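Everything below belongs to query23.txt, which stores compact mmCIF, C-alpha atoms and all ligand atoms.
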# COMPACT_ATOMS: atom_id res chain seq x y z
CA MET A 1056 54.79 42.70 154.89
CA SER A 1057 52.25 44.50 152.79
CA LYS A 1058 50.80 41.73 150.56
CA ASP A 1059 49.82 44.14 147.78
CA VAL A 1060 53.28 45.65 147.32
CA LYS A 1061 55.69 44.01 144.90
CA LYS A 1062 57.59 46.86 143.34
CA ILE A 1063 58.75 50.22 144.67
CA ALA A 1064 60.41 53.21 143.01
CA LEU A 1065 62.71 55.91 144.36
CA LEU A 1066 63.51 59.39 143.15
CA THR A 1067 65.74 62.20 144.46
CA GLY A 1068 64.67 65.80 143.78
CA GLY A 1069 65.88 69.34 144.46
CA GLY A 1070 69.42 70.34 145.39
CA ASP A 1071 71.69 67.42 146.15
CA CYS A 1072 72.67 66.76 149.73
CA PRO A 1073 75.02 64.45 151.67
CA GLY A 1074 73.16 61.27 152.58
CA LEU A 1075 71.04 60.86 149.43
CA ASN A 1076 73.02 57.81 148.35
CA ALA A 1077 72.91 56.40 151.87
CA VAL A 1078 69.08 56.60 151.79
CA ILE A 1079 68.98 54.98 148.33
CA SER A 1080 71.22 52.20 149.66
CA SER A 1081 69.24 51.70 152.85
CA VAL A 1082 65.83 51.61 151.12
CA THR A 1083 67.08 49.17 148.47
CA LYS A 1084 68.74 46.80 150.94
CA THR A 1085 65.79 46.83 153.35
CA ALA A 1086 63.27 46.32 150.57
CA ILE A 1087 65.15 43.43 148.92
CA LEU A 1088 66.60 41.63 151.93
CA ASN A 1089 63.51 41.77 154.12
CA TYR A 1090 60.52 41.94 151.81
CA GLY A 1091 61.65 40.79 148.38
CA TYR A 1092 60.38 43.95 146.68
CA GLU A 1093 61.67 44.88 143.26
CA VAL A 1094 63.25 48.35 143.36
CA ILE A 1095 63.80 50.90 140.58
CA GLY A 1096 65.14 54.46 140.67
CA TYR A 1097 63.89 57.26 138.42
CA LYS A 1098 66.67 59.50 137.08
CA PHE A 1099 66.77 63.29 137.46
CA GLY A 1100 63.88 63.44 139.93
CA TYR A 1101 60.39 63.98 138.56
CA ARG A 1102 61.75 64.46 135.03
CA GLY A 1103 62.66 60.76 134.99
CA LEU A 1104 59.17 59.88 136.18
CA TYR A 1105 57.69 61.91 133.32
CA ASN A 1106 60.06 60.40 130.73
CA ASN A 1107 59.83 56.91 132.26
CA ASP A 1108 63.63 57.00 132.58
CA PHE A 1109 64.73 54.65 135.36
CA ILE A 1110 67.35 52.12 136.41
CA PRO A 1111 66.87 48.91 138.36
CA LEU A 1112 68.32 49.07 141.86
CA ASP A 1113 69.74 45.89 143.33
CA LEU A 1114 72.24 44.95 146.00
CA SER A 1115 75.21 45.32 143.70
CA THR A 1116 74.09 48.78 142.44
CA VAL A 1117 74.02 50.14 145.99
CA SER A 1118 77.11 48.38 147.29
CA GLY A 1119 79.66 50.79 148.77
CA LEU A 1120 77.29 53.75 148.48
CA ILE A 1121 76.79 54.80 152.11
CA SER A 1122 79.62 57.32 152.23
CA ARG A 1123 79.31 58.82 148.76
CA GLY A 1124 77.92 62.35 148.41
CA GLY A 1125 75.56 63.38 145.59
CA THR A 1126 72.98 60.98 144.18
CA ILE A 1127 73.48 58.09 141.76
CA LEU A 1128 69.94 58.83 140.53
CA TYR A 1129 70.85 62.45 139.70
CA SER A 1130 68.55 65.29 140.63
CA SER A 1131 66.72 68.29 139.25
CA ASN A 1132 65.34 71.36 140.97
CA LYS A 1133 63.28 72.49 137.99
CA ASP A 1134 60.78 69.81 137.15
CA ASN A 1135 57.43 70.35 138.79
CA LEU A 1136 55.11 67.99 136.87
CA PHE A 1137 52.07 69.94 138.03
CA ASP A 1138 53.43 73.01 136.22
CA TYR A 1139 55.79 71.61 133.60
CA SER A 1140 57.28 73.26 130.56
CA VAL A 1141 56.28 71.33 127.40
CA GLU A 1142 56.78 72.19 123.76
CA GLU A 1143 53.58 72.64 121.77
CA GLU A 1144 53.58 73.90 118.17
CA GLY A 1145 57.11 75.28 118.56
CA LYS A 1146 56.34 77.13 121.79
CA PHE A 1147 57.01 76.23 125.42
CA VAL A 1148 53.86 76.23 127.57
CA LYS A 1149 53.29 75.28 131.21
CA LYS A 1150 51.03 72.28 131.74
CA ASP A 1151 49.97 69.86 134.44
CA VAL A 1152 51.52 66.60 133.19
CA SER A 1153 51.15 64.67 136.44
CA ASP A 1154 48.76 62.17 134.79
CA VAL A 1155 51.63 61.05 132.53
CA ALA A 1156 53.66 60.24 135.65
CA VAL A 1157 50.76 58.32 137.20
CA GLU A 1158 50.37 56.32 133.97
CA ASN A 1159 54.11 55.56 133.90
CA LEU A 1160 53.94 54.23 137.46
CA LYS A 1161 51.00 52.02 136.49
CA LYS A 1162 52.72 50.82 133.33
CA GLU A 1163 55.82 49.75 135.29
CA GLY A 1164 53.71 48.16 138.02
CA VAL A 1165 55.14 50.47 140.72
CA ASP A 1166 53.07 50.13 143.90
CA VAL A 1167 54.85 52.75 146.02
CA LEU A 1168 56.92 55.83 145.17
CA ILE A 1169 59.52 56.93 147.72
CA VAL A 1170 60.37 60.60 147.22
CA ILE A 1171 63.58 61.91 148.79
CA GLY A 1172 63.57 65.69 148.82
CA GLY A 1173 63.09 69.05 150.47
CA ASP A 1174 59.94 71.15 150.54
CA GLY A 1175 59.64 71.70 146.74
CA THR A 1176 60.03 68.02 145.93
CA LEU A 1177 57.83 66.94 148.82
CA THR A 1178 55.11 69.43 147.82
CA SER A 1179 54.79 67.48 144.56
CA ALA A 1180 54.90 64.23 146.58
CA ARG A 1181 51.93 65.49 148.57
CA ASP A 1182 50.15 66.42 145.34
CA PHE A 1183 50.75 62.92 143.93
CA ALA A 1184 49.40 61.48 147.18
CA ARG A 1185 46.27 63.62 146.66
CA LYS A 1186 45.94 61.98 143.23
CA GLY A 1187 45.90 58.57 144.88
CA VAL A 1188 49.55 57.54 144.35
CA ASN A 1189 51.07 55.60 147.28
CA VAL A 1190 53.83 58.01 148.28
CA ILE A 1191 56.33 58.04 151.15
CA GLY A 1192 58.59 61.09 151.73
CA VAL A 1193 62.11 61.22 153.16
CA PRO A 1194 63.29 64.62 154.51
CA LYS A 1195 66.40 65.90 152.75
CA THR A 1196 68.07 69.31 152.99
CA ILE A 1197 71.24 70.82 154.37
CA ASP A 1198 69.07 73.78 155.47
CA ASN A 1199 67.22 71.74 158.15
CA ASP A 1200 64.15 73.88 157.49
CA LEU A 1201 61.53 71.16 156.92
CA GLY A 1202 58.65 70.97 159.37
CA SER A 1203 57.60 67.84 161.32
CA THR A 1204 61.15 66.51 161.77
CA ASP A 1205 63.80 67.58 164.24
CA ILE A 1206 66.59 67.02 161.74
CA THR A 1207 66.82 66.50 157.99
CA PHE A 1208 69.66 64.36 156.68
CA GLY A 1209 72.56 66.32 155.19
CA PHE A 1210 72.41 69.11 157.76
CA ASN A 1211 74.99 67.57 160.08
CA THR A 1212 77.56 67.10 157.30
CA SER A 1213 77.08 70.68 156.13
CA ILE A 1214 77.59 72.16 159.61
CA ALA A 1215 80.72 70.03 160.03
CA ILE A 1216 82.09 71.46 156.77
CA ALA A 1217 81.16 75.03 157.76
CA THR A 1218 82.73 74.52 161.20
CA GLU A 1219 85.96 73.31 159.64
CA ALA A 1220 85.94 76.38 157.38
CA LEU A 1221 85.62 78.60 160.46
CA ASP A 1222 88.48 76.76 162.18
CA ARG A 1223 90.65 77.37 159.13
CA LEU A 1224 89.64 81.04 158.88
CA HIS A 1225 90.63 81.56 162.53
CA THR A 1226 94.31 80.87 161.98
CA THR A 1227 94.64 83.08 158.92
CA ALA A 1228 92.49 85.86 160.46
CA GLU A 1229 94.71 85.88 163.54
CA SER A 1230 97.92 85.97 161.49
CA HIS A 1231 96.80 89.07 159.56
CA HIS A 1232 94.63 90.79 162.18
CA ARG A 1233 91.77 90.64 159.72
CA ILE A 1234 88.03 90.58 159.95
CA MET A 1235 86.96 87.39 158.22
CA ILE A 1236 83.41 86.77 157.03
CA LEU A 1237 82.11 83.31 156.10
CA GLU A 1238 78.85 83.25 154.09
CA VAL A 1239 76.99 79.97 154.46
CA MET A 1240 73.82 78.58 152.84
CA GLY A 1241 70.44 77.89 154.43
CA ARG A 1242 67.90 79.87 152.36
CA ASN A 1243 65.55 81.63 154.78
CA ALA A 1244 66.67 79.63 157.80
CA GLY A 1245 69.77 80.28 159.89
CA PHE A 1246 70.39 76.80 161.29
CA ILE A 1247 73.67 76.24 159.39
CA ALA A 1248 75.04 79.66 160.44
CA LEU A 1249 73.91 79.28 164.05
CA GLU A 1250 75.24 75.79 164.70
CA SER A 1251 78.50 76.13 162.77
CA GLY A 1252 78.95 79.57 164.34
CA ILE A 1253 78.78 78.15 167.85
CA ALA A 1254 80.91 75.09 167.05
CA GLY A 1255 83.44 77.15 165.06
CA SER A 1256 83.68 79.85 167.73
CA ALA A 1257 82.48 82.76 165.60
CA ASP A 1258 82.42 86.17 167.29
CA VAL A 1259 79.36 87.34 165.35
CA ILE A 1260 76.52 85.24 163.86
CA LEU A 1261 74.09 86.87 161.45
CA LEU A 1262 70.81 85.09 160.77
CA PRO A 1263 67.75 85.67 158.55
CA GLU A 1264 65.64 85.50 161.71
CA ILE A 1265 67.53 88.35 163.48
CA PRO A 1266 68.12 91.38 161.21
CA TYR A 1267 71.48 92.97 162.08
CA ASP A 1268 72.65 96.44 162.97
CA ILE A 1269 76.08 97.00 161.41
CA ASN A 1270 77.05 99.38 164.24
CA LYS A 1271 76.68 96.49 166.68
CA ILE A 1272 79.17 94.48 164.59
CA VAL A 1273 81.63 97.40 164.75
CA GLU A 1274 81.11 97.58 168.55
CA LYS A 1275 81.99 93.90 168.82
CA ILE A 1276 85.11 94.34 166.67
CA GLU A 1277 86.23 97.31 168.80
CA SER A 1278 85.53 95.57 172.09
CA ARG A 1279 87.61 92.56 170.96
CA LYS A 1280 90.42 94.96 170.05
CA LYS A 1281 90.33 96.44 173.59
CA HIS A 1282 90.83 92.89 174.89
CA GLY A 1283 93.82 92.35 172.62
CA LYS A 1284 91.97 90.34 169.95
CA LEU A 1285 92.78 92.03 166.68
CA PHE A 1286 90.84 89.64 164.48
CA THR A 1287 87.12 88.91 164.30
CA ILE A 1288 85.24 86.00 162.75
CA ILE A 1289 81.75 86.59 161.38
CA VAL A 1290 79.46 83.86 160.01
CA VAL A 1291 76.59 85.18 157.92
CA ALA A 1292 73.67 83.14 156.58
CA GLU A 1293 72.91 83.82 152.91
CA GLY A 1294 69.40 84.91 153.94
CA ALA A 1295 70.56 87.43 156.56
CA LYS A 1296 69.69 91.08 156.09
CA PRO A 1297 70.36 94.41 157.82
CA LYS A 1298 67.63 96.02 159.91
CA ASN A 1299 65.36 97.86 157.47
CA GLY A 1300 67.24 96.21 154.58
CA GLU A 1301 66.55 93.46 152.07
CA VAL A 1302 67.98 90.01 151.43
CA MET A 1303 70.55 89.73 148.64
CA VAL A 1304 69.39 87.74 145.62
CA ALA A 1305 72.22 86.10 143.66
CA LYS A 1306 70.22 84.57 140.84
CA ILE A 1307 66.76 83.71 139.56
CA VAL A 1308 66.54 80.13 138.30
CA LYS A 1309 63.80 80.01 135.65
CA ASP A 1310 61.43 77.02 135.86
CA SER A 1311 62.43 76.25 139.45
CA PRO A 1312 59.41 76.00 141.79
CA ASP A 1313 61.44 78.16 144.19
CA PRO A 1314 63.37 80.35 141.69
CA ILE A 1315 65.18 82.71 144.06
CA ARG A 1316 68.80 81.86 144.90
CA LEU A 1317 70.14 83.94 147.77
CA GLY A 1318 73.74 85.08 148.06
CA GLY A 1319 75.98 88.12 148.16
CA ILE A 1320 75.38 89.35 151.69
CA GLY A 1321 78.91 88.36 152.80
CA ASN A 1322 80.62 90.56 150.21
CA LYS A 1323 78.18 93.41 150.81
CA LEU A 1324 78.92 93.26 154.52
CA ALA A 1325 82.69 93.18 153.82
CA ASN A 1326 82.40 96.38 151.76
CA ASP A 1327 80.17 98.07 154.33
CA LEU A 1328 82.52 97.15 157.20
CA GLU A 1329 85.64 98.34 155.40
CA ASP A 1330 84.09 101.82 155.34
CA LEU A 1331 83.60 101.70 159.11
CA VAL A 1332 86.67 99.83 160.38
CA LYS A 1333 89.54 101.72 158.80
CA ASP A 1334 92.48 100.10 160.58
CA ARG A 1335 91.92 96.50 159.46
CA GLU A 1336 91.17 94.59 156.30
CA VAL A 1337 87.94 92.67 155.80
CA ARG A 1338 87.73 89.52 153.68
CA CYS A 1339 84.77 87.37 152.72
CA THR A 1340 84.73 83.65 151.89
CA VAL A 1341 81.57 82.24 150.30
CA LEU A 1342 81.43 78.55 151.19
CA GLY A 1343 78.80 77.73 148.54
CA HIS A 1344 78.26 74.21 147.26
CA ILE A 1345 81.28 72.86 149.14
CA GLN A 1346 78.77 72.56 152.00
CA ARG A 1347 76.83 69.97 149.97
CA GLY A 1348 79.62 68.02 148.32
CA GLY A 1349 82.07 65.30 149.24
CA ILE A 1350 81.63 62.45 151.65
CA THR A 1351 78.72 62.10 154.03
CA ASN A 1352 79.70 62.22 157.70
CA THR A 1353 79.02 59.50 160.26
CA TYR A 1354 75.94 61.12 161.77
CA ASP A 1355 74.25 61.55 158.39
CA ARG A 1356 75.18 58.03 157.25
CA ILE A 1357 73.36 56.66 160.29
CA LEU A 1358 70.40 59.05 160.07
CA SER A 1359 69.98 58.38 156.33
CA THR A 1360 70.14 54.64 156.95
CA ARG A 1361 67.49 54.94 159.69
CA TYR A 1362 65.30 57.04 157.37
CA GLY A 1363 65.66 54.47 154.58
CA VAL A 1364 64.64 51.60 156.85
CA GLY A 1365 61.86 53.78 158.32
CA ALA A 1366 60.49 54.60 154.85
CA VAL A 1367 60.20 50.91 153.93
CA GLU A 1368 58.59 50.13 157.29
CA LEU A 1369 55.97 52.82 156.55
CA ILE A 1370 55.06 50.86 153.41
CA ASN A 1371 54.39 47.83 155.57
CA LYS A 1372 52.24 49.86 157.91
CA GLY A 1373 50.34 51.27 154.91
CA LYS A 1374 51.14 54.84 155.98
CA PHE A 1375 51.03 56.32 152.49
CA GLY A 1376 51.02 60.09 152.04
CA SER A 1377 53.42 60.47 154.95
CA MET A 1378 57.05 61.40 155.57
CA VAL A 1379 59.46 59.53 157.78
CA CYS A 1380 60.88 61.86 160.45
CA LEU A 1381 62.99 62.09 163.59
CA LYS A 1382 61.45 63.26 166.87
CA GLY A 1383 63.89 63.27 169.76
CA ASN A 1384 65.75 60.03 169.06
CA GLU A 1385 62.77 58.19 167.61
CA ILE A 1386 62.11 57.51 163.94
CA THR A 1387 58.43 58.19 163.36
CA TYR A 1388 56.27 59.79 160.64
CA ASP A 1389 53.91 62.63 159.86
CA SER A 1390 51.44 63.29 157.07
CA LEU A 1391 52.84 65.18 154.07
CA GLU A 1392 49.81 67.45 154.46
CA ASN A 1393 51.29 68.59 157.80
CA VAL A 1394 54.86 68.83 156.56
CA ILE A 1395 54.19 71.16 153.63
CA GLY A 1396 53.71 74.83 154.50
CA ASN A 1397 55.27 74.39 157.93
CA ASN A 1398 58.91 75.21 157.26
CA LYS A 1399 61.04 75.87 160.34
CA GLN A 1400 63.23 78.83 161.19
CA VAL A 1401 65.59 79.53 164.08
CA ASP A 1402 63.72 80.76 167.14
CA PRO A 1403 65.39 84.08 168.09
CA ASP A 1404 64.32 83.44 171.70
CA GLY A 1405 65.29 79.78 171.62
CA GLU A 1406 67.85 77.91 173.67
CA LEU A 1407 70.66 77.82 171.09
CA VAL A 1408 70.58 81.57 170.45
CA SER A 1409 70.59 82.14 174.20
CA VAL A 1410 73.52 79.71 174.68
CA ALA A 1411 75.48 81.58 172.00
CA LYS A 1412 74.71 84.95 173.61
CA LYS A 1413 75.77 83.66 177.04
CA ILE A 1414 79.21 82.76 175.71
CA GLY A 1415 79.62 86.24 174.23
CA ILE A 1416 78.64 85.69 170.60
CA SER A 1417 76.96 88.74 169.09
CA PHE A 1418 73.94 88.58 166.79
CA ALA A 1419 74.28 92.33 166.15
CA ASP A 1420 70.65 92.84 167.18
O1 LIG A 1501 68.30 74.09 149.82
C1 LIG A 1501 69.64 73.76 149.75
C2 LIG A 1501 70.45 74.89 149.17
O2 LIG A 1501 71.82 74.51 149.16
C3 LIG A 1501 70.27 76.22 149.87
O3 LIG A 1501 70.98 76.32 151.08
C4 LIG A 1501 70.74 77.18 148.80
O4 LIG A 1501 70.12 78.43 148.98
C5 LIG A 1501 70.25 76.53 147.55
O5 LIG A 1501 70.06 75.16 147.84
C6 LIG A 1501 71.21 76.66 146.39
O6 LIG A 1501 70.62 76.11 145.26
P1 LIG A 1501 71.38 75.78 143.91
O7 LIG A 1501 72.00 74.44 144.07
O8 LIG A 1501 70.32 75.81 142.89
O9 LIG A 1501 72.43 76.83 143.73
Translate the structure of the given file into structure tokens.
Amino acid sequence: MSKDVKKIALLTGGGDCPGLNAVISSVTKTAILNYGYEVIGYKFGYRGLYNNDFIPLDLSTVSGLISRGGTILYSSNKDNLFDYSVEEEGKFVKKDVSDVAVENLKKEGVDVLIVIGGDGTLTSARDFARKGVNVIGVPKTIDNDLGSTDITFGFNTSIAIATEALDRLHTTAESHHRIMILEVMGRNAGFIALESGIAGSADVILLPEIPYDINKIVEKIESRKKHGKLFTIIVVAEGAKPKNGEVMVAKIVKDSPDPIRLGGIGNKLANDLEDLVKDREVRCTVLGHIQRGGITNTYDRILSTRYGVGAVELINKGKFGSMVCLKGNEITYDSLENVIGNNKQVDPDGELVSVAKKIGISFAD
């Protein structure tokens, strides 16, 4: 046990994700039951840290939390305290207010801040570590695009949801001889599309990492028709784009450190395909935030619990400025300096793409 640590704080930042509550529960239980630390949770991510808005976390607060999606601490994807919008003389100006957060931590006697987030939230965690705050990161995102860890928590639940959506689309596609497109999330990484596409038996998978040729999709549809399959299932990542084309931007979120929200490629593809495949209808389903909501699956409950325990153990080892991660089947850690700027993408020449190709799935490349 680290003798100097008496009180720790948690915050959850960025888009919510299945497993956040399981991490909150695991950290709180491990900290209280094993080390007698006092635990508090800041509300709405870094905004709560700036406003000194927190709740105490004890065993009764986290009881029954492991399965629940979302975050009891709430979250925000807008509040970067190193570039924060503050009102001065009636006008909003951007300022570095990180010193206010550091003062609040001191005032509350917080010795360690555990930050649960994706790359935006963890970039600020790294910046607080650079300012001398004792920070530990926990890797969250359904996109699975964070560097240094094999898997982020939340990813497994989201691919299970996307796979179920593909299973459900199969039966209706077959009944109507339709071409069904499922647009899934993932930002600039295609992990959700790739893994749900294999598990959900998609005929075509379109990824940000492999720009597609629409004629190759038509070829696949026609070749299935020759073999008596009059329906086709396509899973498209929101960050996918045609060869020589651009990604589709759905929305710009002002004040977000990463303001671009992708989306729309599924419906664009449906329109483009209807011009080329005249004898069948094309429909698009956008899975959206359903991929992030609801209960956390078994895999993510266990991974989140391991990450929570691992984060508290890093406190005891004094490994501040680092992120707990999974390598193979081992819980380990890496410096936040290494994590940030090293986002992952699907390797177009990697094993999973090759496995998919070998079982006849087209990437339209
Ligand atoms: O990073 C998680 C994620 O769900 C992405 O897959 C998606 O692009 C983005 O967040 C959506 O963000 P928002 O919740 O702001 O719509």
Please write out the residues within 8 Å of ligand LIG 1501 (chain A) as a ChimeraX atom specification, counting all atoms listed in the file.
-> /A:1069-1072,1132,1173,1196-1198,1239-1242,1293,1308,1316-1318,1343-1344,1346-1347
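Counting only C-alpha atoms, region 1363-1372 of chain A has the following residues at most 8 Å away, ignoring those fewer than 2 positions along the same chain: Met1056, Ser1057, Ala1077, Val1078, Ile1079, Ser1080, Ser1081, Val1082, Thr1085, Ala1086, Val1167, Ile1169, Ile1191, Gly1192, Val1193, Ser1359, Thr1360, Arg1361, Lys1374, Phe1375, Met1378, Val1379, Ile1386 and Thr1387 of chain A.
Among A:Ser1390, A:Ser1409, A:Asn1398, A:Asn1135, the residue with the shortest atom-to-atom distance to Arg1181 (chain A), counting all atoms listed in the file, is A:Ser1390.
Here the question is which of A:Gly1096, A:Gly1348, A:Gly1405, A:Gly1252 gets nearest to Ile1236 (chain A) using all atoms listed in the file, and that residue is A:Gly1252.
Of the listed residues A:Ile1289, A:Leu1168, A:Ile1395, A:Ile1110, the one whose atoms come nearest to Ser1256 (chain A) is A:Ile1289, with distances taken using only C-alpha atoms.
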In Å and to one decimal, CA of Ile1087 (chain A) is distant from CA of Asp1355 (chain A) by 22.4 Å
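Checking A:Asn1107, A:Ser1179, A:Thr1212, A:Ser1278 one by one against Lys1161 (chain A), counting all atoms listed in the file, you find the shortest gap at A:Asn1107.
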Mind checking which residues fall within 6 Å of region 1262-1271 of chain A, counting all atoms listed in the file, ignoring those fewer than 6 positions away in the same chain, and posting them as an MDAnalysis selection string?
-> chainID A and resid 1243 1245 1292 1294:1298 1419:1420
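One distance worth recording is that between CA of Val1410 (chain A) and CA of Ser1251 (chain A), which is 13.4 Å.
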Can you patch up region 1140-1153 of chain A, filling it in to N, CA, C and O atoms, and show the result as a PDB file, keeping the file's coordinate frame?
ATOM      1  N   SER A1140      57.084  72.595 131.844  1.00  0.00           N
ATOM      2  CA  SER A1140      57.280  73.260 130.560  1.00  0.00           C
ATOM      3  C   SER A1140      57.295  72.227 129.418  1.00  0.00           C
ATOM      4  O   SER A1140      58.181  71.374 129.384  1.00  0.00           O
ATOM      5  N   VAL A1141      56.304  72.272 128.538  1.00  0.00           N
ATOM      6  CA  VAL A1141      56.280  71.330 127.400  1.00  0.00           C
ATOM      7  C   VAL A1141      56.198  72.108 126.081  1.00  0.00           C
ATOM      8  O   VAL A1141      55.629  73.199 126.036  1.00  0.00           O
ATOM      9  N   GLU A1142      56.768  71.508 125.060  1.00  0.00           N
ATOM     10  CA  GLU A1142      56.780  72.190 123.760  1.00  0.00           C
ATOM     11  C   GLU A1142      55.513  71.832 122.996  1.00  0.00           C
ATOM     12  O   GLU A1142      55.187  70.656 122.825  1.00  0.00           O
ATOM     13  N   GLU A1143      54.781  72.860 122.579  1.00  0.00           N
ATOM     14  CA  GLU A1143      53.580  72.640 121.770  1.00  0.00           C
ATOM     15  C   GLU A1143      53.599  73.610 120.600  1.00  0.00           C
ATOM     16  O   GLU A1143      53.676  74.829 120.824  1.00  0.00           O
ATOM     17  N   GLU A1144      53.540  73.088 119.396  1.00  0.00           N
ATOM     18  CA  GLU A1144      53.580  73.900 118.170  1.00  0.00           C
ATOM     19  C   GLU A1144      54.724  74.922 118.210  1.00  0.00           C
ATOM     20  O   GLU A1144      54.535  76.128 117.994  1.00  0.00           O
ATOM     21  N   GLY A1145      55.920  74.429 118.575  1.00  0.00           N
ATOM     22  CA  GLY A1145      57.110  75.280 118.560  1.00  0.00           C
ATOM     23  C   GLY A1145      57.247  76.225 119.736  1.00  0.00           C
ATOM     24  O   GLY A1145      58.213  76.988 119.803  1.00  0.00           O
ATOM     25  N   LYS A1146      56.275  76.205 120.647  1.00  0.00           N
ATOM     26  CA  LYS A1146      56.340  77.130 121.790  1.00  0.00           C
ATOM     27  C   LYS A1146      56.365  76.332 123.087  1.00  0.00           C
ATOM     28  O   LYS A1146      55.761  75.251 123.164  1.00  0.00           O
ATOM     29  N   PHE A1147      57.028  76.882 124.122  1.00  0.00           N
ATOM     30  CA  PHE A1147      57.010  76.230 125.420  1.00  0.00           C
ATOM     31  C   PHE A1147      55.835  76.756 126.252  1.00  0.00           C
ATOM     32  O   PHE A1147      55.664  77.961 126.409  1.00  0.00           O
ATOM     33  N   VAL A1148      54.989  75.827 126.725  1.00  0.00           N
ATOM     34  CA  VAL A1148      53.860  76.230 127.570  1.00  0.00           C
ATOM     35  C   VAL A1148      53.889  75.406 128.857  1.00  0.00           C
ATOM     36  O   VAL A1148      54.410  74.295 128.886  1.00  0.00           O
ATOM     37  N   LYS A1149      53.337  75.976 129.916  1.00  0.00           N
ATOM     38  CA  LYS A1149      53.290  75.280 131.210  1.00  0.00           C
ATOM     39  C   LYS A1149      52.024  74.432 131.284  1.00  0.00           C
ATOM     40  O   LYS A1149      50.931  74.927 130.981  1.00  0.00           O
ATOM     41  N   LYS A1150      52.192  73.175 131.664  1.00  0.00           N
ATOM     42  CA  LYS A1150      51.030  72.280 131.740  1.00  0.00           C
ATOM     43  C   LYS A1150      51.128  71.369 132.946  1.00  0.00           C
ATOM     44  O   LYS A1150      52.231  71.075 133.411  1.00  0.00           O
ATOM     45  N   ASP A1151      49.989  70.911 133.413  1.00  0.00           N
ATOM     46  CA  ASP A1151      49.970  69.860 134.440  1.00  0.00           C
ATOM     47  C   ASP A1151      50.101  68.512 133.723  1.00  0.00           C
ATOM     48  O   ASP A1151      49.180  68.084 133.024  1.00  0.00           O
ATOM     49  N   VAL A1152      51.291  67.878 133.885  1.00  0.00           N
ATOM     50  CA  VAL A1152      51.520  66.600 133.190  1.00  0.00           C
ATOM     51  C   VAL A1152      51.585  65.447 134.206  1.00  0.00           C
ATOM     52  O   VAL A1152      52.147  64.391 133.923  1.00  0.00           O
ATOM     53  N   SER A1153      51.033  65.688 135.384  1.00  0.00           N
ATOM     54  CA  SER A1153      51.150  64.670 136.440  1.00  0.00           C
ATOM     55  C   SER A1153      50.472  63.356 136.069  1.00  0.00           C
ATOM     56  O   SER A1153      50.900  62.286 136.521  1.00  0.00           O
TER      57      SER A1153
END
